[in-house]
Amino acid sequence: MVGYEAEGDGFRFIARPDVSAEDVILPPGKLERITGHMSGIAAHSETLRRHGQHLKRGLLLYGPPGTGKTHTVRHVIHRSPGHTVIVLAGTALRFVSLAAAVARHLQPAIVVLEDCDLVAEDRSFGAGPKPLLFEVLDAMDGLDADADVTFLLTTNRVETLERALVERPGRIDLAVEIPLPDPSGRRRLLELYAGDIAYSDAALADAARRTEGVTASFAKEL
């Protein structure tokens, strides 16, 4: 994994995260939908190429802060050991063209754009040109259709994203909401982060009931 850094215009290698499917608490079917889109296409890449179908794909994870978008991304990376992974976040998103070029040469690859709303905000919000937005769009469009590259984007503010990014086929093929956990999810989160502490079923059920509306990150801290 490579992460580009805003300071010094450099990059650093990042250890691949160890996040199993059991560590990701999402509503039923969500994780399977995400991983199916990511790895399912890669698994059939040769067949798809043979029939002239595109491999390049885009996946957007959206939802309130702290619901587990980044955690889900880490699981996707964990289960893709054969992929080159390039991570951009914050002001490092300005390196998106360079990241796309590296991904093209080192495919199969995943380009992660964390908090993409920082550079891909709809042009109707605010005044003036948005050069980084166009750089993101150009980077996604510039890859050949048969490039085995996934753009994996996260955002806390999906309502502000540029429509040309999220509504045009070939850029974002799948958008999945990562919501606040429901009562069952909160119970599972509490069990996960309790570790080997022997809380009673009654205590966990009570805590899950009393934490309606909290995020996954809150459950972890609790």
# chains A, B, ... in the order shown; residues from 1 in each chain; ligands from 1
call {"tool": "residues_around", "arguments": {"residues": "range 149-151 of chain A", "least_positions_apart": "3", "cutoff": "10 Å", "atoms": "only C-alpha atoms", "output": "PyMOL selection string"}}
result
chain A and resi 37-39+41-42+55-60+83-86+100+103-104+106-113+139-140+143-146+171-173
call {"tool": "residues_around", "arguments": {"residues": "Arg210 in chain A", "least_positions_apart": "5", "cutoff": "12 Å", "atoms": "only C-alpha atoms", "output": "MDAnalysis selection string"}}
result
chainID A and resid 182:183 186:187 203:205 219 222
call {"tool": "select_by_dssp", "arguments": {"residues": "range 14-220 of chain A", "states": "alpha helix (DSSP H)", "output": "ChimeraX atom specification"}}
result
/A:30-43,45-50,69-78,96-105,131-142,163-166,183-194,201-210,216-220
call {"tool": "select_by_dssp", "arguments": {"residues": "range 4-79 of chain A", "states": "strand (DSSP E)", "output": "list in words"}}
result
Tyr4, Phe11, Arg12, Phe13, Arg57, Gly58, Leu59, Leu60, Leu61 and Tyr62 of chain A
call {"tool": "write_last_selection", "arguments": {"atoms": "N, CA, C and O atoms", "output": "JSON list (two decimals), in the first residue's frame"}}
result
[["chain", "number", "residue", "atom", "x", "y", "z"],
["A", 4, "TYR", "N", -0.03, 8.79, -0.20],
["A", 4, "TYR", "CA", 0.60, 10.06, -0.53],
["A", 4, "TYR", "C", 0.38, 11.05, 0.61],
["A", 4, "TYR", "O", -0.68, 11.09, 1.22],
["A", 11, "PHE", "N", 5.54, 10.34, -0.34],
["A", 11, "PHE", "CA", 4.62, 9.24, -0.08],
["A", 11, "PHE", "C", 5.29, 8.31, 0.92],
["A", 11, "PHE", "O", 6.49, 8.39, 1.18],
["A", 12, "ARG", "N", 4.50, 7.43, 1.48],
["A", 12, "ARG", "CA", 5.04, 6.43, 2.38],
["A", 12, "ARG", "C", 4.30, 5.12, 2.17],
["A", 12, "ARG", "O", 3.15, 5.10, 1.75],
["A", 13, "PHE", "N", 5.00, 4.04, 2.46],
["A", 13, "PHE", "CA", 4.37, 2.72, 2.37],
["A", 13, "PHE", "C", 3.65, 2.42, 3.67],
["A", 13, "PHE", "O", 4.17, 2.68, 4.76],
["A", 57, "ARG", "N", -13.82, 0.44, -12.50],
["A", 57, "ARG", "CA", -15.06, 0.60, -11.76],
["A", 57, "ARG", "C", -14.88, 1.61, -10.63],
["A", 57, "ARG", "O", -13.77, 1.86, -10.18],
["A", 58, "GLY", "N", -16.01, 2.14, -10.20],
["A", 58, "GLY", "CA", -15.99, 3.11, -9.11],
["A", 58, "GLY", "C", -17.02, 2.72, -8.05],
["A", 58, "GLY", "O", -18.13, 2.31, -8.37],
["A", 59, "LEU", "N", -16.62, 2.84, -6.80],
["A", 59, "LEU", "CA", -17.48, 2.50, -5.68],
["A", 59, "LEU", "C", -17.45, 3.64, -4.67],
["A", 59, "LEU", "O", -16.38, 4.12, -4.30],
["A", 60, "LEU", "N", -18.62, 4.09, -4.27],
["A", 60, "LEU", "CA", -18.75, 5.18, -3.30],
["A", 60, "LEU", "C", -19.40, 4.67, -2.04],
["A", 60, "LEU", "O", -20.48, 4.07, -2.07],
["A", 61, "LEU", "N", -18.74, 4.89, -0.90],
["A", 61, "LEU", "CA", -19.32, 4.60, 0.41],
["A", 61, "LEU", "C", -19.67, 5.93, 1.06],
["A", 61, "LEU", "O", -18.82, 6.81, 1.18],
["A", 62, "TYR", "N", -20.94, 6.07, 1.47],
["A", 62, "TYR", "CA", -21.36, 7.35, 2.04],
["A", 62, "TYR", "C", -22.16, 7.11, 3.32],
["A", 62, "TYR", "O", -22.74, 6.05, 3.53]]
call {"tool": "residues_around", "arguments": {"residues": "Ser217 in chain A", "least_positions_apart": "5", "cutoff": "10 Å", "atoms": "only C-alpha atoms", "output": "ChimeraX atom specification"}}
result
/A:65-68,71,189,222
call {"tool": "write_last_selection", "arguments": {"atoms": "N, CA, C and O atoms", "output": "compact mmCIF listing (two decimals), in the first residue's frame"}}
result
# COMPACT_ATOMS: atom_id res chain seq x y z
N PRO A 65 -20.33 10.72 9.65
CA PRO A 65 -19.00 10.42 10.20
C PRO A 65 -19.08 9.34 11.29
O PRO A 65 -20.03 9.32 12.09
N GLY A 66 -18.10 8.45 11.29
CA GLY A 66 -18.00 7.47 12.35
C GLY A 66 -18.82 6.22 12.18
O GLY A 66 -18.88 5.38 13.09
N THR A 67 -19.45 6.03 11.01
CA THR A 67 -20.30 4.84 10.84
C THR A 67 -19.53 3.62 10.37
O THR A 67 -20.07 2.51 10.40
N GLY A 68 -18.30 3.81 9.92
CA GLY A 68 -17.49 2.65 9.55
C GLY A 68 -17.06 2.61 8.10
O GLY A 68 -16.67 1.55 7.60
N HIS A 71 -13.31 1.91 8.00
CA HIS A 71 -13.14 0.55 8.50
C HIS A 71 -13.49 -0.46 7.41
O HIS A 71 -12.79 -1.47 7.23
N LEU A 189 -21.67 -4.66 17.73
CA LEU A 189 -20.50 -3.80 17.92
C LEU A 189 -20.00 -3.87 19.36
O LEU A 189 -18.78 -3.94 19.61
N LEU A 222 -17.18 3.48 23.74
CA LEU A 222 -17.96 3.08 24.91
C LEU A 222 -17.46 1.77 25.49
O LEU A 222 -17.29 1.61 26.69
call {"tool": "closest_residue", "arguments": {"among": "A:Arg33, A:Arg16, A:Arg94, A:Lys220", "to": "Ala175 in chain A", "atoms": "only C-alpha atoms"}}
result
A:Arg33
call {"tool": "closest_residue", "arguments": {"among": "A:Val158, A:Leu152, A:Ile178, A:Met1", "to": "Pro81 in chain A", "atoms": "only C-alpha atoms"}}
result
A:Met1
call {"tool": "closest_residue", "arguments": {"among": "A:Thr91, A:Thr70, A:Ser80, A:Thr211", "to": "Leu153 in chain A", "atoms": "only C-alpha atoms"}}
result
A:Thr70
call {"tool": "residues_around", "arguments": {"residues": "range 25-31 of chain A", "least_positions_apart": "3", "cutoff": "8 Å", "atoms": "only C-alpha atoms", "output": "ChimeraX atom specification"}}
result
/A:22,34-35,72,176,178,181-182,185,188-189
